file start34.pdb (PDB, C-alpha atoms)
ATOM      1  CA  MET A   1      17.207 -33.709  73.861
ATOM      2  CA  ARG A   2      15.255 -30.974  72.093
ATOM      3  CA  ARG A   3      15.388 -31.214  68.318
ATOM      4  CA  PHE A   4      16.496 -28.289  66.145
ATOM      5  CA  SER A   5      13.266 -27.345  64.356
ATOM      6  CA  TRP A   6      12.765 -25.464  61.136
ATOM      7  CA  PHE A   7      11.451 -22.485  63.108
ATOM      8  CA  ASN A   8      14.694 -22.240  65.085
ATOM      9  CA  ALA A   9      16.738 -22.552  61.901
ATOM     10  CA  THR A  10      14.707 -19.811  60.193
ATOM     11  CA  ALA A  11      14.949 -17.470  63.161
ATOM     12  CA  LEU A  12      18.701 -18.057  63.416
ATOM     13  CA  THR A  13      19.191 -17.464  59.694
ATOM     14  CA  LEU A  14      17.170 -14.245  59.708
ATOM     15  CA  GLY A  15      19.002 -13.015  62.792
ATOM     16  CA  PHE A  16      22.447 -13.587  61.299
ATOM     17  CA  ALA A  17      21.326 -12.104  57.984
ATOM     18  CA  PHE A  18      20.064  -8.967  59.737
ATOM     19  CA  LEU A  19      23.392  -8.580  61.526
ATOM     20  CA  TYR A  20      25.897  -9.457  58.823
ATOM     21  CA  ILE A  21      24.384  -8.657  55.406
ATOM     22  CA  PRO A  22      24.861  -4.871  55.907
ATOM     23  CA  MET A  23      28.503  -5.520  56.797
ATOM     24  CA  VAL A  24      28.991  -7.651  53.697
ATOM     25  CA  ILE A  25      27.469  -4.916  51.521
ATOM     26  CA  LEU A  26      29.723  -2.325  53.146
ATOM     27  CA  VAL A  27      32.814  -4.447  52.480
ATOM     28  CA  ILE A  28      31.819  -4.988  48.847
ATOM     29  CA  TYR A  29      31.220  -1.295  48.178
ATOM     30  CA  SER A  30      34.535  -0.358  49.785
ATOM     31  CA  PHE A  31      36.076  -1.762  46.571
ATOM     32  CA  ASN A  32      33.818   0.330  44.360
ATOM     33  CA  SER A  33      35.635   2.641  41.957
ATOM     34  CA  SER A  34      32.797   5.169  41.919
ATOM     35  CA  LYS A  35      32.479   8.060  44.362
ATOM     36  CA  LEU A  36      28.796   7.216  44.701
ATOM     37  CA  VAL A  37      28.569   4.503  47.321
ATOM     38  CA  THR A  38      25.252   3.210  45.963
ATOM     39  CA  VAL A  39      26.367   2.880  42.333
ATOM     40  CA  TRP A  40      28.725   0.055  41.394
ATOM     41  CA  ALA A  41      31.266   1.165  38.778
ATOM     42  CA  GLY A  42      33.836  -1.602  38.928
ATOM     43  CA  PHE A  43      36.381  -3.133  41.270
ATOM     44  CA  SER A  44      39.063  -0.825  42.652
ATOM     45  CA  THR A  45      41.237  -0.426  45.761
ATOM     46  CA  LYS A  46      41.947   3.259  45.248
ATOM     47  CA  TRP A  47      39.868   4.320  48.257
ATOM     48  CA  TYR A  48      42.208   2.413  50.558
ATOM     49  CA  GLY A  49      45.060   4.437  49.100
ATOM     50  CA  GLU A  50      43.071   7.630  49.590
ATOM     51  CA  LEU A  51      42.415   6.624  53.190
ATOM     52  CA  VAL A  52      46.102   6.077  53.911
ATOM     53  CA  GLN A  53      46.833   9.584  52.625
ATOM     54  CA  ASN A  54      43.997  11.194  54.606
ATOM     55  CA  GLU A  55      45.764  12.981  57.463
ATOM     56  CA  ALA A  56      42.534  13.822  59.282
ATOM     57  CA  PHE A  57      41.485  10.194  59.651
ATOM     58  CA  LEU A  58      45.010   9.071  60.544
ATOM     59  CA  ASN A  59      45.366  11.716  63.257
ATOM     60  CA  ALA A  60      41.945  10.864  64.659
ATOM     61  CA  ALA A  61      42.830   7.161  64.727
ATOM     62  CA  TRP A  62      46.099   7.887  66.545
ATOM     63  CA  VAL A  63      44.301  10.046  69.129
ATOM     64  CA  THR A  64      41.715   7.279  69.634
ATOM     65  CA  VAL A  65      44.382   4.651  70.249
ATOM     66  CA  LYS A  66      46.287   6.854  72.708
ATOM     67  CA  VAL A  67      43.125   7.699  74.611
ATOM     68  CA  ALA A  68      41.982   4.073  74.691
ATOM     69  CA  VAL A  69      45.310   2.747  75.990
ATOM     70  CA  ALA A  70      45.681   5.421  78.667
ATOM     71  CA  SER A  71      42.057   5.380  79.854
ATOM     72  CA  SER A  72      41.786   1.587  79.926
ATOM     73  CA  THR A  73      45.009   1.323  81.933
ATOM     74  CA  LEU A  74      43.831   3.899  84.486
ATOM     75  CA  ALA A  75      40.377   2.336  84.600
ATOM     76  CA  THR A  76      41.889  -1.106  85.213
ATOM     77  CA  VAL A  77      44.020   0.128  88.105
ATOM     78  CA  LEU A  78      41.212   2.102  89.742
ATOM     79  CA  GLY A  79      38.567  -0.506  88.997
ATOM     80  CA  THR A  80      40.682  -3.300  90.470
ATOM     81  CA  MET A  81      41.291  -1.246  93.603
ATOM     82  CA  GLY A  82      37.590  -0.498  93.903
ATOM     83  CA  ALA A  83      36.643  -4.141  93.434
ATOM     84  CA  TYR A  84      39.182  -5.228  96.050
ATOM     85  CA  VAL A  85      37.766  -2.763  98.565
ATOM     86  CA  MET A  86      34.194  -3.814  97.838
ATOM     87  CA  VAL A  87      34.910  -7.524  98.247
ATOM     88  CA  ARG A  88      37.562  -7.558 100.984
ATOM     89  CA  ALA A  89      36.852  -4.532 103.161
ATOM     90  CA  GLY A  90      33.554  -5.894 104.471
ATOM     91  CA  ARG A  91      31.075  -3.419 105.924
ATOM     92  CA  PHE A  92      32.359   0.088 106.571
ATOM     93  CA  ARG A  93      30.867   3.540 106.949
ATOM     94  CA  GLY A  94      30.012   4.927 103.526
ATOM     95  CA  ARG A  95      30.048   1.562 101.765
ATOM     96  CA  THR A  96      26.662   2.189 100.145
ATOM     97  CA  LEU A  97      27.764   5.566  98.832
ATOM     98  CA  PHE A  98      31.080   4.131  97.655
ATOM     99  CA  SER A  99      29.454   1.277  95.739
ATOM    100  CA  GLY A 100      26.875   3.647  94.284
ATOM    101  CA  MET A 101      29.591   5.965  92.981
ATOM    102  CA  ILE A 102      31.419   3.021  91.392
ATOM    103  CA  TYR A 103      28.389   1.463  89.704
ATOM    104  CA  ALA A 104      26.495   4.663  88.807
ATOM    105  CA  PRO A 105      28.015   4.974  85.292
ATOM    106  CA  LEU A 106      26.552   1.552  84.458
ATOM    107  CA  VAL A 107      23.009   2.943  84.558
ATOM    108  CA  MET A 108      23.711   6.610  83.896
ATOM    109  CA  PRO A 109      22.841   7.783  80.354
ATOM    110  CA  GLU A 110      25.960   8.734  78.432
ATOM    111  CA  VAL A 111      24.486  12.145  77.618
ATOM    112  CA  ILE A 112      24.171  12.955  81.324
ATOM    113  CA  THR A 113      27.700  11.712  82.030
ATOM    114  CA  GLY A 114      29.180  13.678  79.137
ATOM    115  CA  LEU A 115      27.306  16.878  80.033
ATOM    116  CA  SER A 116      28.262  16.592  83.709
ATOM    117  CA  LEU A 117      31.926  16.144  82.862
ATOM    118  CA  LEU A 118      31.768  19.046  80.403
ATOM    119  CA  LEU A 119      30.377  21.351  83.093
ATOM    120  CA  LEU A 120      33.031  20.111  85.527
ATOM    121  CA  PHE A 121      35.891  20.814  83.135
ATOM    122  CA  ILE A 122      34.489  24.265  82.340
ATOM    123  CA  GLY A 123      34.001  25.003  86.033
ATOM    124  CA  ILE A 124      37.597  24.179  86.977
ATOM    125  CA  GLY A 125      38.964  25.897  83.881
ATOM    126  CA  LEU A 126      40.463  22.782  82.310
ATOM    127  CA  ASP A 127      40.971  23.045  78.553
ATOM    128  CA  ARG A 128      39.369  20.218  76.641
ATOM    129  CA  GLY A 129      41.677  17.891  74.761
ATOM    130  CA  ILE A 130      43.210  14.443  74.996
ATOM    131  CA  PHE A 131      43.594  14.685  78.779
ATOM    132  CA  THR A 132      39.908  15.439  79.379
ATOM    133  CA  ILE A 133      38.831  12.600  77.087
ATOM    134  CA  ILE A 134      41.086  10.211  79.023
ATOM    135  CA  LEU A 135      39.562  11.355  82.324
ATOM    136  CA  ALA A 136      36.042  10.967  80.940
ATOM    137  CA  HIS A 137      36.639   7.491  79.528
ATOM    138  CA  THR A 138      38.326   6.383  82.745
ATOM    139  CA  THR A 139      35.321   7.580  84.729
ATOM    140  CA  PHE A 140      32.719   5.577  82.843
ATOM    141  CA  SER A 141      34.786   2.453  82.065
ATOM    142  CA  MET A 142      36.261   1.747  85.508
ATOM    143  CA  CYS A 143      32.870   0.515  86.716
ATOM    144  CA  TYR A 144      32.928  -2.256  84.107
ATOM    145  CA  VAL A 145      36.380  -3.301  85.299
ATOM    146  CA  SER A 146      35.115  -3.343  88.894
ATOM    147  CA  VAL A 147      32.246  -5.661  87.970
ATOM    148  CA  VAL A 148      34.525  -8.112  86.141
ATOM    149  CA  VAL A 149      37.257  -8.180  88.801
ATOM    150  CA  SER A 150      34.874  -8.311  91.770
ATOM    151  CA  SER A 151      33.111 -11.356  90.309
ATOM    152  CA  ARG A 152      36.486 -13.138  90.275
ATOM    153  CA  LEU A 153      37.451 -11.987  93.752
ATOM    154  CA  VAL A 154      34.192 -13.305  95.210
ATOM    155  CA  SER A 155      35.107 -16.858  94.151
ATOM    156  CA  PHE A 156      38.771 -16.487  95.123
ATOM    157  CA  ASP A 157      40.084 -18.954  97.723
ATOM    158  CA  ARG A 158      41.415 -16.733 100.511
ATOM    159  CA  SER A 159      43.258 -19.623 102.115
ATOM    160  CA  LEU A 160      45.965 -19.095  99.491
ATOM    161  CA  GLU A 161      46.555 -15.571 100.759
ATOM    162  CA  GLU A 162      46.538 -16.785 104.335
ATOM    163  CA  ALA A 163      49.162 -19.383 103.489
ATOM    164  CA  ALA A 164      51.353 -16.678 101.948
ATOM    165  CA  LEU A 165      50.954 -14.530 105.060
ATOM    166  CA  ASP A 166      51.877 -17.471 107.272
ATOM    167  CA  LEU A 167      55.041 -17.981 105.223
ATOM    168  CA  GLY A 168      56.189 -14.425 105.938
ATOM    169  CA  CYS A 169      54.731 -12.332 103.132
ATOM    170  CA  SER A 170      53.339  -8.921 103.880
ATOM    171  CA  ALA A 171      49.794  -8.047 102.823
ATOM    172  CA  PHE A 172      51.066  -6.262  99.712
ATOM    173  CA  GLU A 173      53.429  -9.106  98.794
ATOM    174  CA  ALA A 174      50.615 -11.642  99.226
ATOM    175  CA  PHE A 175      48.466  -9.586  96.869
ATOM    176  CA  ARG A 176      51.265  -9.118  94.328
ATOM    177  CA  LEU A 177      52.581 -12.671  94.362
ATOM    178  CA  VAL A 178      49.416 -14.699  94.972
ATOM    179  CA  THR A 179      46.182 -12.782  94.417
ATOM    180  CA  LEU A 180      47.111 -10.724  91.369
ATOM    181  CA  PRO A 181      48.439 -13.637  89.249
ATOM    182  CA  ILE A 182      45.284 -15.644  89.972
ATOM    183  CA  ILE A 183      42.869 -12.826  89.129
ATOM    184  CA  ALA A 184      45.017 -11.712  86.166
ATOM    185  CA  PRO A 185      42.590 -13.152  83.549
ATOM    186  CA  ALA A 186      39.781 -11.039  85.025
ATOM    187  CA  VAL A 187      42.023  -7.962  85.133
ATOM    188  CA  ILE A 188      43.046  -8.471  81.500
ATOM    189  CA  SER A 189      39.410  -8.991  80.520
ATOM    190  CA  GLY A 190      38.497  -5.749  82.281
ATOM    191  CA  TRP A 191      41.275  -3.905  80.450
ATOM    192  CA  LEU A 192      40.114  -5.235  77.086
ATOM    193  CA  LEU A 193      36.518  -4.290  77.869
ATOM    194  CA  ALA A 194      37.544  -0.759  78.881
ATOM    195  CA  PHE A 195      39.720  -0.484  75.759
ATOM    196  CA  THR A 196      36.804  -1.523  73.541
ATOM    197  CA  LEU A 197      34.399   0.887  75.220
ATOM    198  CA  SER A 198      36.860   3.744  74.759
ATOM    199  CA  LEU A 199      37.373   2.950  71.078
ATOM    200  CA  ASP A 200      33.616   2.825  70.497
ATOM    201  CA  ASP A 201      32.570   5.888  72.495
ATOM    202  CA  LEU A 202      31.053   8.821  70.648
ATOM    203  CA  VAL A 203      28.670  10.619  72.999
ATOM    204  CA  ILE A 204      30.964  11.266  75.970
ATOM    205  CA  ALA A 205      33.936  12.080  73.743
ATOM    206  CA  SER A 206      31.877  14.622  71.805
ATOM    207  CA  PHE A 207      31.258  16.534  75.064
ATOM    208  CA  THR A 208      34.793  16.334  76.439
ATOM    209  CA  SER A 209      36.919  16.678  73.302
ATOM    210  CA  GLY A 210      38.325  19.912  71.963
ATOM    211  CA  PRO A 211      39.632  21.295  68.675
ATOM    212  CA  SER A 212      43.075  19.835  69.387
ATOM    213  CA  ALA A 213      41.768  16.293  69.902
ATOM    214  CA  THR A 214      39.223  14.520  67.708
ATOM    215  CA  THR A 215      38.614  10.802  68.102
ATOM    216  CA  LEU A 216      37.877   8.491  65.200
ATOM    217  CA  PRO A 217      34.166   7.940  66.042
ATOM    218  CA  ILE A 218      33.652  11.722  66.138
ATOM    219  CA  LYS A 219      35.475  12.119  62.838
ATOM    220  CA  ILE A 220      33.422   9.376  61.182
ATOM    221  CA  PHE A 221      30.166  10.796  62.528
ATOM    222  CA  SER A 222      31.046  14.275  61.273
ATOM    223  CA  ALA A 223      31.943  12.905  57.846
ATOM    224  CA  VAL A 224      28.781  10.777  57.582
ATOM    225  CA  ARG A 225      26.587  13.811  58.271
ATOM    226  CA  LEU A 226      27.846  15.260  54.986
ATOM    227  CA  GLY A 227      27.303  11.984  53.134
ATOM    228  CA  VAL A 228      28.875   8.549  53.199
ATOM    229  CA  SER A 229      32.111   8.479  51.216
ATOM    230  CA  PRO A 230      33.947   5.413  49.908
ATOM    231  CA  GLU A 231      36.819   6.235  52.284
ATOM    232  CA  ILE A 232      34.522   5.591  55.244
ATOM    233  CA  ASN A 233      33.573   2.243  53.712
ATOM    234  CA  ALA A 234      37.266   1.391  53.400
ATOM    235  CA  LEU A 235      37.936   2.446  57.004
ATOM    236  CA  SER A 236      34.988   0.392  58.258
ATOM    237  CA  THR A 237      36.217  -2.623  56.289
ATOM    238  CA  ILE A 238      39.659  -2.352  57.897
ATOM    239  CA  MET A 239      38.073  -2.190  61.349
ATOM    240  CA  ILE A 240      35.911  -5.237  60.588
ATOM    241  CA  ALA A 241      39.011  -7.111  59.381
ATOM    242  CA  ILE A 242      40.925  -6.247  62.576
ATOM    243  CA  VAL A 243      38.057  -7.408  64.790
ATOM    244  CA  THR A 244      37.635 -10.601  62.770
ATOM    245  CA  VAL A 245      41.327 -11.452  63.005
ATOM    246  CA  GLY A 246      41.274 -10.764  66.741
ATOM    247  CA  VAL A 247      38.241 -12.969  67.360
ATOM    248  CA  ILE A 248      39.619 -15.831  65.271
ATOM    249  CA  SER A 249      43.024 -15.590  66.954
ATOM    250  CA  ALA A 250      41.453 -15.592  70.424
ATOM    251  CA  SER A 251      39.325 -18.618  69.516
ATOM    252  CA  LEU A 252      42.337 -20.538  68.210
ATOM    253  CA  ILE A 253      44.390 -19.689  71.292
ATOM    254  CA  SER A 254      41.564 -20.741  73.614
ATOM    255  CA  LYS A 255      41.048 -23.968  71.695
ATOM    256  CA  ARG A 256      44.764 -24.755  71.754
ATOM    257  CA  ALA A 257      44.911 -24.084  75.496
ATOM    258  CA  ALA A 258      41.904 -26.348  76.099
ATOM    259  CA  VAL A 259      43.438 -29.151  74.028
ATOM    260  CA  LYS A 260      46.738 -28.793  75.876
ATOM    261  CA  GLN A 261      45.003 -28.888  79.248
ATOM    262  CA  MET A 262      43.025 -31.964  78.241
ATOM    263  CA  ALA A 263      46.200 -33.702  77.099
ATOM    264  CA  GLU A 264      47.928 -32.880  80.396
ATOM    265  CA  GLU A 265      44.966 -34.229  82.378
ATOM    266  CA  LYS A 266      44.996 -37.468  80.390
ATOM    267  CA  ALA A 267      48.763 -37.794  80.878
ATOM    268  CA  ALA A 268      48.305 -37.290  84.622
ATOM    269  CA  GLU A 269      45.575 -39.913  84.740
ATOM    270  CA  ARG A 270      47.807 -42.383  82.904
ATOM    271  CA  ALA A 271      50.668 -41.660  85.270
ATOM    272  CA  GLU A 272      48.440 -42.307  88.281
ATOM    273  CA  ALA A 273      47.141 -45.529  86.739
TER     274      ALA A 273
END
call {"tool": "encode", "arguments": {"input": "start34.pdb", "output": "structure tokens"}}
result
Amino acid sequence: MRRFSWFNATALTLGFAFLYIPMVILVIYSFNSSKLVTVWAGFSTKWYGELVQNEAFLNAAWVTVKVAVASSTLATVLGTMGAYVMVRAGRFRGRTLFSGMIYAPLVMPEVITGLSLLLLFIGIGLDRGIFTIILAHTTFSMCYVSVVVSSRLVSFDRSLEEAALDLGCSAFEAFRLVTLPIIAPAVISGWLLAFTLSLDDLVIASFTSGPSATTLPIKIFSAVRLGVSPEINALSTIMIAIVTVGVISASLISKRAAVKQMAEEKAAERAEA
């Protein structure tokens, strides 16, 4: 077994410090009472109160959540359908073109995707707003769902579907009652990935958004260009707290599920013995 050397420990420490020290500084200065984010003037939570009363940030956050939920749901449905066709349909005419259209957003620069969608919406006369952002986010995030779901479908035991068909299920019922529950973890993972990508997107949303719809990343970017304010530090701290709670909760749930499964396996072994 390879020993953990001082070089590995130093590299790991520097790596974590590079990633997390800026976040720690941001969190600390979100409690700064001064308007100058680089000058500490005492502990205060007033900027969190100012943030709650800032209608522009609240409206942008609400638009971001609505867009993320709608686009990730559409992307999950379309991406799952695309993955099912890619894995189960075998070879068919136009398969190469079909797969290329699904996976193209993975390698396409976001600037090109955003500009292309902008020209499309202008060409068909579609006013930019929440609907166009949802369409844009669905377009680039469904490919990620397809990759996640197709990797699960490749390892899926098709004999389970065949057994359901032999017992009288139709093809749709076999998919709904057998296939979908088994690949549900991959589908949920794809939805969460699409949701995260939509929340984080700035480039594509900046091309496809309009005056009536501004997402939170666009709002933050516009505000930062005029100078970092303590309200942005407070908003970033809240987002870091939400992500941290989510990661810790997911880890605890996974650990509890693993412990429960291990206990069930041991109980089964004892019963057999």
call {"tool": "resolve_selection", "arguments": {"input": "start34.pdb", "expression": "the PyMOL selection byres ((chain A and resi 221) around 12)", "output": "MDAnalysis selection string"}}
result
chainID A and resid 57 60 200:203 205:206 214:220 222:229 232
call {"tool": "closest_residue", "arguments": {"input": "start34.pdb", "among": "A:Lys66, A:Arg128, A:Lys255, A:Lys260", "to": "Pro211 of chain A", "atoms": "all atoms listed in the file"}}
result
A:Arg128
call {"tool": "closest_residue", "arguments": {"input": "start34.pdb", "among": "A:Ala234, A:Ala184, A:Ile122, A:Met142", "to": "Ser44 of chain A", "atoms": "all atoms listed in the file"}}
result
A:Ala234
call {"tool": "atom_distance", "arguments": {"input": "start34.pdb", "atom1": "atom CA of Gly90 of chain A", "atom2": "atom CA of Val77 of chain A"}}
result
20.3 Å
call {"tool": "closest_residue", "arguments": {"input": "start34.pdb", "among": "A:Phe131, A:Phe92, A:Phe175, A:Trp47", "to": "Leu153 of chain A", "atoms": "all atoms listed in the file"}}
result
A:Phe175
call {"tool": "closest_residue", "arguments": {"input": "start34.pdb", "among": "A:Ala75, A:Leu117, A:Leu126, A:Leu192", "to": "Gly246 of chain A", "atoms": "all atoms listed in the file"}}
result
A:Leu192
call {"tool": "resolve_selection", "arguments": {"input": "start34.pdb", "expression": "the PyMOL selection byres ((chain A and resi 156-162) around 12)", "output": "ChimeraX atom specification"}}
result
/A:84,87-88,149-155,163-184,186
call {"tool": "resolve_selection", "arguments": {"input": "start34.pdb", "expression": "the PyMOL selection byres ((chain A and resi 196) around 12)", "output": "PyMOL selection string"}}
result
chain A and resi 64-65+67-69+71-72+137+141+144-145+189-195+197-201+243
call {"tool": "atom_distance", "arguments": {"input": "start34.pdb", "atom1": "atom CA of Ser209 of chain A", "atom2": "atom CA of Asn54 of chain A"}}
result
20.7 Å
call {"tool": "closest_residue", "arguments": {"input": "start34.pdb", "among": "A:Ala61, A:Ile102, A:Leu118, A:Leu235", "to": "Leu135 of chain A", "atoms": "all atoms listed in the file"}}
result
A:Leu118
call {"tool": "closest_residue", "arguments": {"input": "start34.pdb", "among": "A:Met108, A:Met101, A:Val148, A:Ile240", "to": "Tyr20 of chain A", "atoms": "all atoms listed in the file"}}
result
A:Ile240
call {"tool": "atom_distance", "arguments": {"input": "start34.pdb", "atom1": "atom CA of Gly42 of chain A", "atom2": "atom CA of Val24 of chain A"}}
result
16.7 Å
call {"tool": "axis_aligned_box", "arguments": {"input": "start34.pdb", "around": "segment 234-240 of chain A", "padding_each_side": "8 Å", "output": "JSON"}}
result
{"center_x": 37.3, "center_y": -1.4, "center_z": 57.4, "size_x": 20.7, "size_y": 23.7, "size_z": 23.9}
